[in-house]
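Asks: Just query-v8.tsv, nothing more (TSV, C-alpha atoms):
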chain	number	residue	atom	x	y	z
M	17	MET	CA	0.00	0.00	0.00
M	18	SER	CA	1.29	3.47	-0.83
M	19	CYS	CA	1.70	6.31	1.65
M	20	LYS	CA	-0.94	8.26	-0.22
M	21	ARG	CA	-3.45	5.46	0.23
M	22	ALA	CA	-2.42	4.96	3.86
M	23	THR	CA	-2.96	8.63	4.73
M	24	GLU	CA	-6.28	8.53	2.89
M	25	LEU	CA	-7.33	5.67	5.14
M	26	ILE	CA	-6.19	7.62	8.19
M	27	GLU	CA	-8.61	10.37	7.21
M	28	LYS	CA	-11.34	7.94	6.30
M	29	ARG	CA	-10.96	6.50	9.79
M	30	SER	CA	-11.53	9.96	11.29
M	31	VAL	CA	-14.88	10.22	9.51
M	32	THR	CA	-16.22	6.68	9.32
M	33	ASP	CA	-15.39	3.07	10.12
M	34	LEU	CA	-12.74	1.17	8.21
M	35	SER	CA	-13.34	-2.36	6.99
M	36	LEU	CA	-11.43	-5.15	8.66
M	37	VAL	CA	-9.09	-5.46	5.71
M	38	GLU	CA	-8.47	-1.71	5.59
M	39	ARG	CA	-7.71	-1.64	9.30
M	40	PHE	CA	-5.27	-4.49	8.99
M	41	ARG	CA	-3.45	-3.04	5.99
M	42	LEU	CA	-3.24	0.41	7.59
M	43	LYS	CA	-1.83	-1.05	10.77
M	44	LEU	CA	0.73	-3.03	8.83
M	45	HIS	CA	1.76	0.04	6.83
M	46	THR	CA	2.10	2.44	9.75
M	47	SER	CA	4.05	-0.10	11.75
M	48	MET	CA	6.70	0.04	9.04
M	49	CYS	CA	6.38	3.62	7.81
M	50	HIS	CA	7.64	6.34	10.10
M	51	ALA	CA	6.36	9.24	7.96
M	52	CYS	CA	2.82	7.87	7.91
M	53	SER	CA	2.68	7.19	11.64
M	54	GLU	CA	3.82	10.78	12.12
M	55	TYR	CA	1.12	11.88	9.72
M	56	ALA	CA	-1.45	10.08	11.86
M	57	MET	CA	-0.35	12.15	14.86
M	58	GLN	CA	-0.29	15.37	12.89
M	59	SER	CA	-3.75	14.61	11.59
M	60	LYS	CA	-5.09	14.23	15.14
M	61	PHE	CA	-3.41	17.45	16.12
M	62	LEU	CA	-4.89	19.26	13.13
M	63	GLN	CA	-8.31	17.94	14.08
M	64	LYS	CA	-7.95	19.65	17.45
M	65	ALA	CA	-6.61	22.79	15.82
M	66	ILE	CA	-9.56	22.99	13.41
M	67	ALA	CA	-11.99	22.49	16.29
M	68	LYS	CA	-10.32	25.30	18.18
M	69	TRP	CA	-10.35	27.53	15.15
M	70	PHE	CA	-14.01	26.90	14.61
M	71	THR	CA	-15.33	27.08	18.13
M	72	GLU	CA	-13.20	29.78	19.72
M	73	HIS	CA	-12.67	33.28	18.65
M	74	GLU	CA	-10.97	35.00	21.53
M	75	HIS	CA	-7.61	34.82	19.80
M	76	PHE	CA	-8.72	36.70	16.72
M	77	GLU	CA	-7.84	40.29	16.34
M	78	GLU	CA	-10.99	42.31	16.63
M	79	THR	CA	-12.31	44.00	13.53
M	80	LYS	CA	-14.75	46.81	14.16
M	81	LEU	CA	-18.22	46.53	12.74
M	82	PRO	CA	-18.39	49.53	10.40
M	83	LYS	CA	-20.35	52.42	11.90
M	84	PRO	CA	-22.83	52.71	9.01
M	85	VAL	CA	-23.77	49.06	9.52
M	86	LYS	CA	-24.34	49.65	13.23
M	87	LYS	CA	-26.45	52.66	12.46
M	88	SER	CA	-28.55	50.86	9.89
M	89	VAL	CA	-29.25	47.95	12.28
M	90	ILE	CA	-30.29	50.33	15.03
M	91	LYS	CA	-32.42	52.28	12.61
M	92	GLU	CA	-34.15	49.15	11.42
M	93	ILE	CA	-34.86	48.04	14.97
M	94	SER	CA	-36.16	51.40	16.12
M	95	GLY	CA	-38.43	51.48	13.08
M	96	PHE	CA	-40.29	48.43	14.29
M	97	ASN	CA	-43.70	49.00	15.74
M	98	ASP	CA	-46.40	46.77	17.13
M	99	ASN	CA	-48.15	46.55	13.80
M	100	SER	CA	-45.17	45.32	11.83
U	247	MET	CA	-46.15	51.86	21.21
U	248	THR	CA	-45.85	49.70	24.29
U	249	LYS	CA	-43.33	50.17	27.01
U	250	LYS	CA	-42.17	46.59	26.60
U	251	LEU	CA	-41.36	47.11	22.95
U	252	ASP	CA	-39.39	50.19	23.86
U	253	ASN	CA	-37.46	48.24	26.43
U	254	ASP	CA	-36.71	45.43	23.96
U	255	LYS	CA	-35.48	47.95	21.42
U	256	HIS	CA	-33.33	49.62	23.96
U	257	SER	CA	-31.69	46.34	25.00
U	258	VAL	CA	-30.93	45.19	21.48
U	259	GLU	CA	-29.63	48.59	20.47
U	260	GLN	CA	-27.28	48.48	23.41
U	261	TRP	CA	-26.12	45.05	22.32
U	262	VAL	CA	-25.30	46.35	18.86
U	263	ASP	CA	-22.87	48.74	20.48
U	264	GLU	CA	-21.57	46.32	23.01
U	265	TYR	CA	-21.22	43.10	21.00
U	266	GLY	CA	-21.34	44.25	17.38
U	267	ASP	CA	-17.57	44.27	16.92
U	268	GLU	CA	-17.09	40.87	18.44
U	269	LEU	CA	-19.84	39.24	16.40
U	270	TYR	CA	-18.53	40.89	13.29
U	271	SER	CA	-14.96	39.67	13.89
U	272	TRP	CA	-16.28	36.17	14.38
U	273	ALA	CA	-18.42	36.26	11.23
U	274	LEU	CA	-15.57	37.71	9.21
U	275	HIS	CA	-13.26	34.89	10.19
U	276	LYS	CA	-15.77	32.21	9.45
U	277	THR	CA	-16.81	33.55	6.07
U	278	SER	CA	-13.81	35.57	4.83
U	279	SER	CA	-16.17	38.06	3.27
U	280	VAL	CA	-16.83	41.58	4.54
U	281	GLU	CA	-20.16	41.74	2.80
U	282	THR	CA	-21.38	38.38	4.09
U	283	ALA	CA	-20.17	39.14	7.60
U	284	GLU	CA	-22.02	42.45	7.64
U	285	ASP	CA	-25.21	40.79	6.44
U	286	LEU	CA	-24.97	37.96	8.95
U	287	VAL	CA	-24.41	40.33	11.87
U	288	GLN	CA	-27.34	42.50	10.82
U	289	GLU	CA	-29.57	39.46	10.50
U	290	THR	CA	-28.40	38.25	13.90
U	291	PHE	CA	-29.43	41.44	15.67
U	292	LEU	CA	-32.74	41.63	13.85
U	293	SER	CA	-33.53	38.05	14.68
U	294	ALA	CA	-32.48	38.67	18.30
U	295	PHE	CA	-34.93	41.55	18.40
U	296	ARG	CA	-37.77	39.59	16.86
U	297	ASN	CA	-37.23	36.69	19.21
U	298	PHE	CA	-36.49	38.78	22.24
U	299	ASP	CA	-39.11	36.95	24.27
U	300	SER	CA	-37.22	33.69	23.94
U	301	PHE	CA	-34.15	35.27	25.47
U	302	ARG	CA	-33.92	34.27	29.06
U	303	GLU	CA	-32.43	36.88	31.29
U	304	LYS	CA	-30.33	34.29	33.01
U	305	SER	CA	-28.25	33.48	29.94
U	306	ARG	CA	-25.63	35.97	28.88
U	307	PRO	CA	-26.66	38.13	25.92
U	308	LYS	CA	-23.32	37.47	24.24
U	309	THR	CA	-23.77	33.70	24.43
U	310	TRP	CA	-27.26	33.99	23.04
U	311	LEU	CA	-26.21	36.30	20.18
U	312	ILE	CA	-23.31	34.03	19.25
U	313	SER	CA	-25.61	31.02	19.10
U	314	ILE	CA	-27.89	32.92	16.72
U	315	LEU	CA	-24.91	33.98	14.62
U	316	LYS	CA	-23.61	30.40	14.48
U	317	ASN	CA	-26.92	29.24	13.02
U	318	LYS	CA	-26.77	32.02	10.46
U	319	ILE	CA	-23.25	30.93	9.51
U	320	ILE	CA	-24.39	27.32	9.10
U	321	ASP	CA	-27.19	28.49	6.80
U	322	HIS	CA	-24.68	30.53	4.87
U	323	TYR	CA	-22.38	27.52	4.49
U	324	ARG	CA	-25.27	25.40	3.30
U	325	LYS	CA	-26.19	27.91	0.65
U	326	ALA	CA	-22.56	28.34	-0.35
U	327	ALA	CA	-22.09	24.56	-0.58
U	328	ASN	CA	-24.99	24.38	-3.01
U	329	ASN	CA	-23.34	26.95	-5.21
U	330	TYR	CA	-20.13	24.94	-5.40
U	331	VAL	CA	-21.86	21.75	-6.39
U	332	SER	CA	-20.64	20.64	-9.73
U	333	LEU	CA	-17.74	22.62	-11.00
U	334	ASP	CA	-14.25	22.37	-9.72
U	335	SER	CA	-13.37	25.94	-9.01
U	336	GLU	CA	-9.86	27.22	-9.52
U	337	ASP	CA	-9.01	27.13	-5.84
U	338	VAL	CA	-10.08	23.49	-5.63
U	339	GLN	CA	-7.91	22.57	-8.59
U	340	SER	CA	-4.85	24.28	-7.19
U	341	GLY	CA	-5.57	22.85	-3.74
U	342	ARG	CA	-5.71	19.37	-5.19
U	343	GLN	CA	-2.43	19.96	-6.96
U	344	ILE	CA	-0.68	21.06	-3.78
U	345	ALA	CA	-2.06	18.06	-1.92
U	346	GLU	CA	-1.03	15.64	-4.69
U	347	SER	CA	2.43	17.16	-4.95
U	348	GLN	CA	3.32	15.76	-1.56
U	349	PHE	CA	3.41	12.29	-3.07
U	350	ASP	CA	5.38	10.94	-6.03
U	351	LYS	CA	3.82	8.96	-8.85
U	352	TYR	CA	4.01	5.78	-6.79
U	353	GLY	CA	2.12	7.43	-3.97
U	354	GLN	CA	5.17	7.63	-1.68
U	355	TRP	CA	5.96	10.81	0.22
U	356	THR	CA	8.25	13.09	-1.74
U	357	PRO	CA	11.50	13.77	0.12
U	358	ASN	CA	10.73	17.21	1.59
U	359	ASN	CA	7.39	16.04	2.87
U	360	MET	CA	8.76	13.28	5.04
U	361	GLY	CA	9.47	13.44	8.71
U	362	SER	CA	9.02	17.15	9.20
U	363	TYR	CA	7.26	16.54	12.43
U	364	TRP	CA	5.99	19.31	14.65
U	365	GLU	CA	5.53	17.98	18.08
U	366	GLU	CA	2.05	17.46	19.29
U	367	ASP	CA	2.47	19.97	21.98
U	368	LYS	CA	-0.56	20.96	23.99
U	369	HIS	CA	0.80	24.45	24.31
U	370	LEU	CA	1.08	24.95	20.59
U	371	LEU	CA	-2.66	25.59	20.49
U	372	ASP	CA	-2.28	28.29	23.13
U	373	ASP	CA	0.54	30.01	21.31
U	374	PRO	CA	-0.83	33.20	19.70
U	375	GLU	CA	1.82	33.07	16.97
U	376	PHE	CA	0.83	29.55	16.04
U	377	LEU	CA	-2.87	30.44	16.06
U	378	LYS	CA	-2.18	33.31	13.72
U	379	ILE	CA	-0.55	30.90	11.28
U	380	LEU	CA	-3.40	28.43	11.70
U	381	ASP	CA	-5.79	31.22	10.85
U	382	ILE	CA	-3.88	32.10	7.67
U	383	CYS	CA	-3.76	28.45	6.64
U	384	MET	CA	-7.45	27.81	7.33
U	385	GLN	CA	-8.43	30.81	5.24
U	386	ASP	CA	-6.15	29.58	2.49
U	387	LEU	CA	-8.20	26.42	2.01
U	388	PRO	CA	-10.49	26.31	-1.01
U	389	ALA	CA	-13.90	27.61	0.06
U	390	LYS	CA	-15.70	24.31	-0.36
U	391	TRP	CA	-13.06	22.44	1.63
U	392	LEU	CA	-13.22	24.96	4.45
U	393	ILE	CA	-16.93	24.33	4.62
U	394	ALA	CA	-16.35	20.57	4.60
U	395	VAL	CA	-13.83	20.56	7.45
U	396	ASN	CA	-15.97	22.91	9.51
U	397	PHE	CA	-19.13	20.90	9.02
U	398	THR	CA	-17.58	18.31	11.32
U	399	TYR	CA	-17.96	20.74	14.20
U	400	PHE	CA	-21.59	21.59	13.82
U	401	SER	CA	-23.14	19.52	16.51
U	402	GLY	CA	-25.87	17.14	15.54
U	403	ILE	CA	-24.93	16.77	11.90
U	404	SER	CA	-24.08	13.21	10.89
U	405	SER	CA	-21.52	12.57	8.20
U	406	ARG	CA	-24.34	11.34	5.96
U	407	ASP	CA	-26.05	14.72	6.33
U	408	ILE	CA	-22.80	16.50	5.62
U	409	CYS	CA	-22.40	14.59	2.35
U	410	GLN	CA	-25.93	15.52	1.42
U	411	GLU	CA	-25.35	19.17	2.23
U	412	LEU	CA	-22.12	19.26	0.27
U	413	ASN	CA	-23.59	17.10	-2.44
U	414	VAL	CA	-20.64	14.71	-2.46
U	415	ARG	CA	-20.30	10.96	-2.09
U	416	PRO	CA	-18.95	9.71	1.25
U	417	SER	CA	-15.69	8.75	-0.44
U	418	ASN	CA	-15.39	12.29	-1.76
U	419	TYR	CA	-15.99	13.65	1.68
U	420	TRP	CA	-13.06	11.98	3.34
U	421	GLN	CA	-10.92	12.71	0.30
U	422	ILE	CA	-11.67	16.39	0.81
U	423	ILE	CA	-10.72	16.04	4.48
U	424	HIS	CA	-7.53	14.25	3.42
U	425	ARG	CA	-6.55	16.94	0.95
U	426	SER	CA	-7.45	19.74	3.36
U	427	LYS	CA	-5.24	18.23	6.03
U	428	LEU	CA	-2.37	17.85	3.56
U	429	LEU	CA	-2.75	21.49	2.61
U	430	LEU	CA	-2.87	22.61	6.22
U	431	LYS	CA	0.16	20.48	7.03
U	432	LYS	CA	2.13	21.98	4.20
U	433	CYS	CA	1.05	25.53	5.00
U	434	ILE	CA	1.84	25.22	8.70
U	435	GLU	CA	5.22	23.70	7.97
U	436	LYS	CA	5.99	26.51	5.57
U	437	HIS	CA	5.11	29.27	8.02
U	438	TRP	CA	5.89	27.71	11.36
U	439	LEU	CA	9.06	25.76	10.73
U	440	SER	CA	10.79	28.31	8.55
Show this structure as structure tokens.

Replies:
Amino acid sequence: MSCKRATELIEKRSVTDLSLVERFRLKLHTSMCHACSEYAMQSKFLQKAIAKWFTEHEHFEETKLPKPVKKSVIKEISGFNDNS
Amino acid sequence: MTKKLDNDKHSVEQWVDEYGDELYSWALHKTSSVETAEDLVQETFLSAFRNFDSFREKSRPKTWLISILKNKIIDHYRKAANNYVSLDSEDVQSGRQIAESQFDKYGQWTPNNMGSYWEEDKHLLDDPEFLKILDICMQDLPAKWLIAVNFTYFSGISSRDICQELNVRPSNYWQIIHRSKLLLKKCIEKHWLS
């Protein structure tokens, strides 16, 4: 099995179940291939990094909401009345 | 006009001032588009106002607003995914090329893509410099792939639903994840290890 295929299976495993044969072949490959077993660790790390990127935002630099947008939201809200 | 309506208006207007920037920064990072981010934030406040009665005083306004915004972003992703359905856009093609280039024609790692291991260090994810690079690399992903990797983190969406939303076969889905990870790996190595 090639490294490309092995790393594909590593990602498949992160999304869904591997077949018995796939599991066996992947295990055999990573037991012999240093680069792919490192990839498996990197992949796990990236998974955590993506989760952090998606769920947290404290570390982003703040961009100000443009004043005209603020004004237009406030205007729209204050324009509401009981009949609308 | 009732007093209650006035009070609701007053609260939401205050929120626009207080939380507008933060919501906007969040939306901008998740969508990479000024226009979209502005729209989503506007919609968030309007929907907060319309549903003011469902806001319970005990929850923090910020938490509530962010949960509304998150739903708006998911809707935006869904719509965007539908627009990307059939064609391979330019960014997808170049992304695929970069991913493929890490292997030779036999599918073995090419020399400079082997063994460049960054330690799985818990603290790396607390390092502001690293997070900055992660941010650059995430935004560098082809739009459809960014949507695909992020779909994983919307709670309550099964991978079957994700495939349906993205209109891809399951095998395509994990191939997209595979290529996205290869791209991220390469990008992080380029910026972080150099």

Asks: Give me, as a compact mmCIF listing (two decimals) with C-alpha atoms, keeping the file's coordinate frame, the residues of chain M touching chain U, with the criterion being at most 7 Å (counting only C-alpha atoms).

Replies:
# COMPACT_ATOMS: atom_id res chain seq x y z
CA SER M 18 1.29 3.47 -0.83
CA CYS M 19 1.70 6.31 1.65
CA LYS M 20 -0.94 8.26 -0.22
CA GLU M 24 -6.28 8.53 2.89
CA GLU M 27 -8.61 10.37 7.21
CA LYS M 28 -11.34 7.94 6.30
CA VAL M 31 -14.88 10.22 9.51
CA ALA M 51 6.36 9.24 7.96
CA GLU M 54 3.82 10.78 12.12
CA SER M 59 -3.75 14.61 11.59
CA PHE M 61 -3.41 17.45 16.12
CA ALA M 65 -6.61 22.79 15.82
CA ALA M 67 -11.99 22.49 16.29
CA PHE M 70 -14.01 26.90 14.61
CA HIS M 73 -12.67 33.28 18.65
CA HIS M 75 -7.61 34.82 19.80
CA GLU M 78 -10.99 42.31 16.63
CA THR M 79 -12.31 44.00 13.53
CA LYS M 80 -14.75 46.81 14.16
CA LEU M 81 -18.22 46.53 12.74
CA LYS M 86 -24.34 49.65 13.23
CA VAL M 89 -29.25 47.95 12.28
CA ILE M 90 -30.29 50.33 15.03
CA ILE M 93 -34.86 48.04 14.97
CA SER M 94 -36.16 51.40 16.12
CA ASN M 97 -43.70 49.00 15.74
CA ASP M 98 -46.40 46.77 17.13

Asks: Would you list the residues near (3.7, 29.4, 3.7) (no more than 12 Å away, in the coordinates of the file, using all atoms listed in the file) as an MDAnalysis selection string?

Replies: chainID U and resid 379:380 382:384 386 429:440

Asks: Would you work out the distance separating CA of Asp337 in chain U from CA of Ser279 in chain U, expressed in Å to one decimal?

Replies: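 CA of Ser279 in chain U lies at a distance of 15.9 Å from CA of Asp337 in chain U.
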
Asks: Quick one: distance from CA of Asp407 in chain U to CA of Ala394 in chain U in Å, one decimal?

Replies: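 Result for CA of Asp407 in chain U versus CA of Ala394 in chain U: 11.5 Å, one decimal.
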